[in-house]
Structures are given as C-alpha cells and as structure tokens.
$ cat work.tsv   # TSV, C-alpha atoms and all ligand atoms
chain	number	residue	atom	x	y	z
S	1	MET	CA	19.88	25.71	-10.32
S	2	GLN	CA	20.77	27.68	-13.43
S	3	LEU	CA	21.07	24.70	-15.80
S	4	LEU	CA	17.52	23.65	-14.95
S	5	LYS	CA	16.07	27.15	-15.21
S	6	ASP	CA	17.70	27.62	-18.62
S	7	ARG	CA	16.26	24.32	-19.80
S	8	ILE	CA	12.76	25.19	-18.56
S	9	ARG	CA	12.97	28.55	-20.38
S	10	LYS	CA	14.17	26.83	-23.54
S	11	ASP	CA	11.86	23.79	-23.64
S	12	GLY	CA	9.07	24.38	-21.10
S	13	LYS	CA	5.58	25.24	-22.36
S	14	VAL	CA	3.10	27.29	-20.38
S	15	LYS	CA	-0.39	25.79	-20.65
S	16	GLU	CA	-3.75	27.02	-19.44
S	17	GLY	CA	-4.69	26.29	-15.83
S	18	ASN	CA	-1.25	27.20	-14.48
S	19	VAL	CA	0.32	24.05	-15.89
S	20	LEU	CA	3.94	24.03	-17.00
S	21	LYS	CA	4.64	21.29	-19.52
S	22	VAL	CA	8.14	19.89	-19.44
S	23	ASP	CA	7.42	16.70	-21.33
S	24	SER	CA	10.46	16.92	-23.59
S	25	PHE	CA	12.99	16.46	-20.76
S	26	LEU	CA	11.30	15.70	-17.43
S	27	ASN	CA	7.80	14.21	-17.53
S	28	HIS	CA	7.63	12.09	-20.65
S	29	GLN	CA	10.91	12.02	-22.53
S	30	MET	CA	13.58	12.10	-19.82
S	31	ASP	CA	17.00	13.73	-20.04
S	32	VAL	CA	18.94	11.42	-17.76
S	33	LYS	CA	22.10	13.56	-17.91
S	34	LEU	CA	20.07	16.46	-16.55
S	35	PHE	CA	18.57	14.09	-13.93
S	36	ARG	CA	22.10	13.24	-12.80
S	37	GLU	CA	22.90	16.96	-12.35
S	38	ILE	CA	19.63	17.32	-10.44
S	39	GLY	CA	20.58	14.37	-8.22
S	40	LYS	CA	23.98	15.91	-7.50
S	41	GLU	CA	22.38	19.26	-6.70
S	42	PHE	CA	20.05	17.58	-4.20
S	43	GLN	CA	23.09	15.91	-2.65
S	44	ARG	CA	24.81	19.31	-2.29
S	45	ARG	CA	21.72	20.87	-0.74
S	46	PHE	CA	21.19	18.06	1.75
S	47	ALA	CA	24.88	17.59	2.54
S	48	GLY	CA	25.37	16.91	6.23
S	49	GLU	CA	21.94	15.31	6.62
S	50	GLU	CA	21.74	11.58	7.19
S	51	ILE	CA	19.45	10.04	4.57
S	52	THR	CA	18.80	6.31	4.37
S	53	LYS	CA	15.87	6.20	1.96
S	54	ILE	CA	14.24	8.19	-0.81
S	55	LEU	CA	10.46	8.22	-1.14
S	56	THR	CA	8.55	9.47	-4.17
S	57	ILE	CA	5.13	9.02	-5.75
S	58	GLU	CA	4.24	7.43	-9.05
S	59	ALA	CA	4.48	8.16	-11.83
S	60	SER	CA	6.47	11.22	-12.79
S	61	GLY	CA	8.65	11.39	-9.67
S	62	ILE	CA	10.12	7.94	-10.17
S	63	GLY	CA	12.76	8.69	-12.81
S	64	ILE	CA	14.29	11.59	-10.88
S	65	ALA	CA	14.08	9.74	-7.58
S	66	CYS	CA	15.91	6.74	-9.07
S	67	ILE	CA	18.82	8.82	-10.30
S	68	ALA	CA	18.92	10.75	-7.01
S	69	ALA	CA	18.94	7.43	-5.13
S	70	GLU	CA	21.95	6.33	-7.12
S	71	VAL	CA	23.78	9.57	-6.24
S	72	PHE	CA	22.83	9.25	-2.54
S	73	ASP	CA	23.50	5.50	-2.65
S	74	VAL	CA	20.27	4.62	-0.82
S	75	PRO	CA	17.16	2.57	-1.72
S	76	VAL	CA	14.22	4.31	-3.37
S	77	VAL	CA	10.55	3.54	-2.75
S	78	PHE	CA	7.59	4.95	-4.65
S	79	ALA	CA	4.11	5.31	-3.19
S	80	LYS	CA	1.61	3.58	-5.45
S	81	LYS	CA	-1.62	5.21	-6.51
S	82	THR	CA	-4.58	2.89	-6.23
S	83	GLN	CA	-8.31	3.04	-6.67
S	84	THR	CA	-8.95	-0.13	-4.70
S	85	LYS	CA	-11.76	0.51	-2.26
S	86	ASN	CA	-10.70	-1.94	0.43
S	87	ILE	CA	-7.01	-1.78	0.90
S	88	ALA	CA	-6.15	-4.74	3.02
S	89	GLY	CA	-2.83	-5.88	4.31
S	90	ASP	CA	0.33	-4.43	5.60
S	91	VAL	CA	0.35	-1.01	4.01
S	92	TYR	CA	0.36	2.62	5.07
S	93	THR	CA	-2.24	4.55	3.15
S	94	THR	CA	-3.65	8.06	2.82
S	95	LYS	CA	-5.76	10.07	0.41
S	96	VAL	CA	-4.39	12.59	-2.08
S	97	GLU	CA	-6.20	15.09	-4.26
S	98	SER	CA	-4.68	15.21	-7.72
S	99	PHE	CA	-3.65	18.59	-9.15
S	100	THR	CA	-3.61	17.43	-12.75
S	101	HIS	CA	-6.74	15.25	-12.67
S	102	GLY	CA	-8.81	16.93	-9.97
S	103	ARG	CA	-9.86	13.70	-8.26
S	104	ILE	CA	-9.02	11.95	-5.03
S	105	TYR	CA	-7.05	8.72	-4.93
S	106	ASP	CA	-5.38	6.54	-2.33
S	107	ILE	CA	-1.63	6.15	-2.10
S	108	ILE	CA	0.00	3.19	-0.42
S	109	VAL	CA	3.41	2.03	0.72
S	110	ALA	CA	4.01	-1.48	2.02
S	111	LYS	CA	5.02	-1.46	5.69
S	112	GLU	CA	8.03	-3.62	4.94
S	113	PHE	CA	9.61	-0.80	2.91
S	114	LEU	CA	9.14	2.12	5.31
S	115	GLY	CA	9.42	2.27	9.07
S	116	LYS	CA	11.21	3.21	12.27
S	117	GLY	CA	14.90	3.82	11.70
S	118	ASP	CA	14.47	5.14	8.15
S	119	LYS	CA	15.61	8.73	7.55
S	120	VAL	CA	13.61	9.79	4.55
S	121	LEU	CA	14.13	12.34	1.80
S	122	LEU	CA	11.03	12.99	-0.32
S	123	ILE	CA	11.61	13.68	-4.00
S	124	ASP	CA	9.10	14.83	-6.60
S	125	ASP	CA	9.05	16.60	-9.94
S	126	PHE	CA	6.52	19.36	-9.17
S	127	LEU	CA	5.18	21.14	-6.13
S	128	ALA	CA	1.90	22.96	-6.76
S	129	ASN	CA	-0.79	22.82	-4.08
S	130	GLY	CA	1.29	20.39	-2.08
S	131	LYS	CA	-1.27	17.61	-1.82
S	132	ALA	CA	1.00	14.91	-3.19
S	133	LEU	CA	3.83	15.86	-0.81
S	134	GLU	CA	1.42	16.21	2.10
S	135	GLY	CA	0.35	12.62	1.44
S	136	LEU	CA	3.95	11.42	1.44
S	137	VAL	CA	4.66	13.29	4.70
S	138	GLN	CA	1.63	11.56	6.20
S	139	LEU	CA	2.91	8.11	5.17
S	140	VAL	CA	6.33	8.86	6.68
S	141	GLU	CA	4.74	10.02	9.95
S	142	ASP	CA	2.44	6.99	10.11
S	143	SER	CA	5.38	4.65	9.58
S	144	GLY	CA	7.44	6.07	12.43
S	145	ALA	CA	10.27	6.95	10.05
S	146	GLU	CA	12.05	10.28	10.34
S	147	LEU	CA	11.38	12.95	7.71
S	148	VAL	CA	14.66	14.63	6.76
S	149	GLY	CA	13.42	16.88	3.98
S	150	ALA	CA	11.92	17.24	0.54
S	151	GLY	CA	13.67	17.87	-2.76
S	152	ILE	CA	11.56	19.28	-5.57
S	153	VAL	CA	12.59	19.95	-9.14
S	154	VAL	CA	10.04	22.65	-10.00
S	155	GLU	CA	8.06	24.56	-7.38
S	156	LYS	CA	5.28	26.85	-8.56
S	157	GLY	CA	5.81	29.58	-6.00
S	158	PHE	CA	2.45	31.20	-6.69
S	159	GLN	CA	0.64	28.10	-5.41
S	160	PRO	CA	0.47	27.22	-1.68
S	161	GLY	CA	2.40	23.93	-1.52
S	162	GLY	CA	5.83	25.48	-0.88
S	163	ASP	CA	4.75	27.59	2.10
S	164	MET	CA	2.89	24.63	3.61
S	165	LEU	CA	5.84	22.26	3.24
S	166	ARG	CA	8.47	24.74	4.50
S	167	LYS	CA	6.60	24.85	7.82
S	168	ARG	CA	6.91	21.08	8.13
S	169	THR	CA	10.36	20.20	6.84
S	170	HIS	CA	13.56	21.25	5.09
S	171	LEU	CA	12.39	22.00	1.55
S	172	GLU	CA	14.77	22.50	-1.36
S	173	SER	CA	13.27	23.45	-4.74
S	174	LEU	CA	15.73	23.65	-7.62
S	175	ALA	CA	13.64	26.09	-9.67
S	176	ILE	CA	10.88	28.23	-8.22
S	177	VAL	CA	8.50	29.70	-10.79
S	178	GLU	CA	7.15	33.04	-9.55
S	179	SER	CA	4.88	33.64	-12.50
S	180	MET	CA	4.20	32.37	-15.96
S	181	ASN	CA	2.24	33.82	-18.82
S	182	GLU	CA	0.26	31.46	-20.97
S	183	LYS	CA	-0.10	34.03	-23.77
S	184	THR	CA	3.53	35.10	-24.10
S	185	GLY	CA	5.11	31.93	-22.69
S	186	GLU	CA	7.22	34.08	-20.35
S	187	ILE	CA	8.42	32.38	-17.16
S	188	VAL	CA	9.81	34.35	-14.20
S	189	PHE	CA	11.83	32.50	-11.57
S	190	ARG	CA	12.39	33.51	-7.96
S	191	GLY	CA	15.80	35.17	-7.80
S	192	ASP	CA	15.57	36.62	-11.32
S	193	GLU	CA	16.15	40.35	-11.60
T	201	LIG	P1	0.31	19.13	-5.91
T	201	LIG	O1	-0.17	17.94	-5.15
T	201	LIG	O2	1.53	19.78	-5.30
T	201	LIG	O3	-0.78	20.12	-6.20
T	201	LIG	O4	0.73	18.61	-7.35
T	201	LIG	C1	1.81	17.76	-7.45
T	201	LIG	C2	1.72	16.85	-8.64
T	201	LIG	O5	0.93	17.37	-9.72
T	201	LIG	C3	3.09	16.64	-9.20
T	201	LIG	O6	3.59	15.40	-8.77
T	201	LIG	C4	2.94	16.72	-10.70
T	201	LIG	O7	2.89	15.40	-11.21
T	201	LIG	C5	1.63	17.40	-10.93
T	201	LIG	N1	1.77	18.82	-11.32
T	201	LIG	C6	1.37	19.89	-10.61
T	201	LIG	N2	1.57	21.03	-11.29
T	201	LIG	C7	2.14	20.68	-12.46
T	201	LIG	C8	2.59	21.43	-13.60
T	201	LIG	O8	2.50	22.67	-13.69
T	201	LIG	N3	3.15	20.72	-14.61
T	201	LIG	C9	3.27	19.35	-14.55
T	201	LIG	N4	3.86	18.77	-15.62
T	201	LIG	N5	2.84	18.63	-13.51
T	201	LIG	C10	2.28	19.27	-12.48

$ encode --input "work.tsv" --output "structure tokens" --more "lines below"
Ligand code: 5GP
Amino acid sequence: MQLLKDRIRKDGKVKEGNVLKVDSFLNHQMDVKLFREIGKEFQRRFAGEEITKILTIEASGIGIACIAAEVFDVPVVFAKKTQTKNIAGDVYTTKVESFTHGRIYDIIVAKEFLGKGDKVLLIDDFLANGKALEGLVQLVEDSGAELVGAGIVVEKGFQPGGDMLRKRTHLESLAIVESMNEKTGEIVFRGDE
C-alpha cells in the first residue's frame, strides 16, 4: 500500500532493537483518515471472503480494528491483556510473550463474544515475532470459530512472524519492512527496487 509506505518513510522512526516507531500516526496519535484507507485496503484484499467478526488485541490494534470493522460492517472484539493469576469464568485464554516488553501475559476473550459460527478476521498494527497473532489464532481455534485470515498494517519481514502465520492462514500485510537502519533511518520495503 503505497500511501502507507510513503507515510512510514516520512514519519516513521527507526529505534534500537529493531523497533519502528510510528507514534505520530498509528500507535499514539492516530490518523483516522489513513485508518479509513487501511480499512478499505483490507476490504479489497479480503474481498470474496465471508467475514462476520474482527478480532484484535489491546491496545494498539484497537483503533485500526474499529475503523476496519466499520468498513466491513461487522462487530469488533479485542482480546484483553490481564495479569490476573486465576482467570475464572467464561473466557478463552492463552499466554502471549510480549515483543515490546519482553514478558509473558495472559490474553482473554469472553466466550459470549467468540464462538462457533463466527468467521474471524484478525487485525493488528504490527507483526514481528508473531506471538500476539499466534495467541489470537489460538483463541479462535479454542472457540470453534473459523479463522478467515489476518490483516496486518506493518510486517517486519526480517522477523519470523510472517512466515509462521502464512503457513496457518491467509495473511495480508500492507507494508512489509525488509530492513531498517537505525543509524541512517533508512527503511527498505519488500517490493522496492
Ligand atoms: P509480535 O508478537 O509479533 O512479536 O509483536 C506484535 C506486537 O508488538 C504488536 O502488536 C506491536 O504492538 C508490538 N510491536 C512489535 N514490533 C514493533 C515495532 O517495531 N514497532 C511498534 N511500534 N510496535 C511493535
């Protein structure tokens, strides 16, 4: 998606530890007009697929997933992160290792919001090692819902998440970063000459 790649080149900041900061339009301040274009692009890429629900993970996936849900005209659910030791009640839960914080946390979705009959599209802002998405896939499988695919805004192609997820479902990443240089700030996308 050229509009997105141009914006990342213009406003993205390459930080140490292979982190791409896009706080000025995606992760902190949010450019909702861009989100709408992202939502429409996901709709184009998943055209022909039946989708009845969008599932994301808090916190930074929520904004994009909400706008995408409006474009798809389906409900959106976000998996909650929790540190509660004893998760009781009617929830699906699994463990996820955080890329940005390096610790393990539980994610939960109430059973009443995900289950048999749902055809689910996963949406998230970043795909790095794929742990967050792997957790969401697990919740979908546990619930008996059908996984239709995953839509990602920025995939870091030099980390293993993309390859892992492509083996499991229909993955569409709108910008795939092949390499980035923290010293020069240069970002190379897949498909660039
Ligand atoms: P994964 O589980 O794929 O390793 O990491 C996914 C999560 O980590 C994303 O939901 C995102 O919040 C965060 N993340 C991973 N890499 C980056 C990055 O380079 N920049 C930002 N802003 N977030 C990232």

$ residues_around --input "work.tsv" --residues "Phe126 of chain S" --least-positions-apart "5" --cutoff "10 Å" --atoms "all atoms listed in the file" --output "list of chain:residue names"
S:Leu20, S:Asn27, S:Ser60, S:Gly61, S:Ala132, S:Leu133, S:Gly151, S:Ile152, S:Val153, S:Val154, S:Glu155, S:Lys156, S:Gly161, S:Ser173, S:Ala175, S:Ile176

$ residues_around --input "work.tsv" --residues "Leu26 of chain S" --least-positions-apart "2" --cutoff "10 Å" --atoms "only C-alpha atoms" --output "number ranges by chain"
S: 8, 12, 21-24, 28-32, 34-35, 60-61, 63-64, 125, 153

$ residues_around --input "work.tsv" --residues "segment 143-148 of chain S" --least-positions-apart "6" --cutoff "10 Å" --atoms "all atoms listed in the file" --output "VMD selection string"
chain S and resid 46 49 to 54 91 to 93 109 to 122 136 to 137 168 to 171

$ closest_residue --input "work.tsv" --among "S:Asn129, S:Phe25, S:Ala68, S:Phe42" --to "Lys10 of chain S" --atoms "all atoms listed in the file"
S:Phe25

$ closest_residue --input "work.tsv" --among "S:Gly149, S:Gly17, S:Gly89, S:Gly130" --to "ligand LIG 201 (chain T)" --atoms "only C-alpha atoms and all ligand atoms"
S:Gly130

$ closest_residue --input "work.tsv" --among "S:Gly48, S:Pro75, S:Gly185, S:Gly102" --to "ligand LIG 201 (chain T)" --atoms "all atoms listed in the file"
S:Gly102

$ atom_distance --input "work.tsv" --atom1 "atom O3 of ligand LIG 201 (chain T)" --atom2 "atom CA of Ser98 of chain S"
6.5 Å

$ atom_distance --input "work.tsv" --atom1 "atom CA of Val19 of chain S" --atom2 "atom CA of Val77 of chain S"
26.4 Å

$ closest_residue --input "work.tsv" --among "S:Val177, S:Ala65, S:Ile107, S:Ala128" --to "Thr94 of chain S" --atoms "all atoms listed in the file"
S:Ile107

$ residues_near_point --input "work.tsv" --point "(12.3, 36.9, -11.9)" --cutoff "12 Å" --atoms "all atoms listed in the file" --output "ChimeraX atom specification"
/S:5,9,157,175-180,186-193

$ closest_residue --input "work.tsv" --among "S:Leu139, S:Ala79, S:Leu55, S:Leu127" --to "Pro160 of chain S" --atoms "all atoms listed in the file"
S:Leu127

$ axis_aligned_box --input "work.tsv" --around "segment 48-63 of chain S" --padding-each-side "6 Å" --output "lines of an AutoDock Vina configuration file"
center_x = 14.8
center_y = 11.6
center_z = -2.8
size_x = 33.1
size_y = 22.7
size_z = 32.0

$ closest_residue --input "work.tsv" --among "S:Lys33, S:Lys80, S:Lys131, S:Arg103" --to "ligand LIG 201 (chain T)" --atoms "all atoms listed in the file"
S:Lys131

$ residues_around --input "work.tsv" --residues "Glu182 of chain S" --least-positions-apart "5" --cutoff "8 Å" --atoms "all atoms listed in the file" --output "mmCIF file with C-alpha atoms, in the frame of the given file"
data_model
loop_
_atom_site.group_PDB
_atom_site.id
_atom_site.type_symbol
_atom_site.label_atom_id
_atom_site.label_comp_id
_atom_site.auth_asym_id
_atom_site.auth_seq_id
_atom_site.Cartn_x
_atom_site.Cartn_y
_atom_site.Cartn_z
ATOM 1 C CA VAL S 14 3.100 27.290 -20.380
ATOM 2 C CA LYS S 15 -0.390 25.790 -20.650
ATOM 3 C CA GLU S 16 -3.750 27.020 -19.440
ATOM 4 C CA ASN S 18 -1.250 27.200 -14.480
#

$ residues_around --input "work.tsv" --residues "Lys95 of chain S" --least-positions-apart "5" --cutoff "7 Å" --atoms "only C-alpha atoms" --output "list in words"
Ile104, Tyr105, Asp106, Ile107 and Gly135 of chain S

$ write_last_selection --input "work.tsv" --atoms "C-alpha atoms" --output "PDB file, in the frame of the given file"
ATOM      1  CA  ILE S 104      -9.020  11.950  -5.030  1.00  0.00           C
ATOM      2  CA  TYR S 105      -7.050   8.720  -4.930  1.00  0.00           C
ATOM      3  CA  ASP S 106      -5.380   6.540  -2.330  1.00  0.00           C
ATOM      4  CA  ILE S 107      -1.630   6.150  -2.100  1.00  0.00           C
ATOM      5  CA  GLY S 135       0.350  12.620   1.440  1.00  0.00           C
TER       6      GLY S 135
END

$ atom_distance --input "work.tsv" --atom1 "atom CA of Lys81 of chain S" --atom2 "atom CA of Glu141 of chain S"
18.3 Å

$ decode --input "work.tsv" --residues "segment 15-39 of chain S" --atoms "C-alpha atoms" --output "PDB file, in the first residue's frame"
ATOM      1  CA  LYS S  15      14.826   2.800  17.029  1.00  0.00           C
ATOM      2  CA  GLU S  16      17.325   0.396  18.517  1.00  0.00           C
ATOM      3  CA  GLY S  17      16.225  -3.214  18.995  1.00  0.00           C
ATOM      4  CA  ASN S  18      14.525  -3.417  15.591  1.00  0.00           C
ATOM      5  CA  VAL S  19      11.656  -1.200  16.702  1.00  0.00           C
ATOM      6  CA  LEU S  20       9.896   1.060  14.223  1.00  0.00           C
ATOM      7  CA  LYS S  21       8.168   3.970  15.935  1.00  0.00           C
ATOM      8  CA  VAL S  22       5.066   5.229  14.204  1.00  0.00           C
ATOM      9  CA  ASP S  23       3.626   7.124  17.142  1.00  0.00           C
ATOM     10  CA  SER S  24       2.728  10.229  15.166  1.00  0.00           C
ATOM     11  CA  PHE S  25       0.073   8.496  13.030  1.00  0.00           C
ATOM     12  CA  LEU S  26      -0.537   4.907  14.139  1.00  0.00           C
ATOM     13  CA  ASN S  27       0.370   3.985  17.717  1.00  0.00           C
ATOM     14  CA  HIS S  28      -0.207   7.090  19.792  1.00  0.00           C
ATOM     15  CA  GLN S  29      -1.577   9.964  17.762  1.00  0.00           C
ATOM     16  CA  MET S  30      -3.869   8.319  15.199  1.00  0.00           C
ATOM     17  CA  ASP S  31      -4.529   9.491  11.650  1.00  0.00           C
ATOM     18  CA  VAL S  32      -8.092   8.289  11.242  1.00  0.00           C
ATOM     19  CA  LYS S  33      -8.231   9.243   7.550  1.00  0.00           C
ATOM     20  CA  LEU S  34      -5.269   6.952   6.952  1.00  0.00           C
ATOM     21  CA  PHE S  35      -7.001   4.274   9.082  1.00  0.00           C
ATOM     22  CA  ARG S  36     -10.009   4.506   6.779  1.00  0.00           C
ATOM     23  CA  GLU S  37      -7.785   3.927   3.720  1.00  0.00           C
ATOM     24  CA  ILE S  38      -6.205   0.996   5.570  1.00  0.00           C
ATOM     25  CA  GLY S  39      -9.664  -0.417   6.321  1.00  0.00           C
TER      26      GLY S  39
END
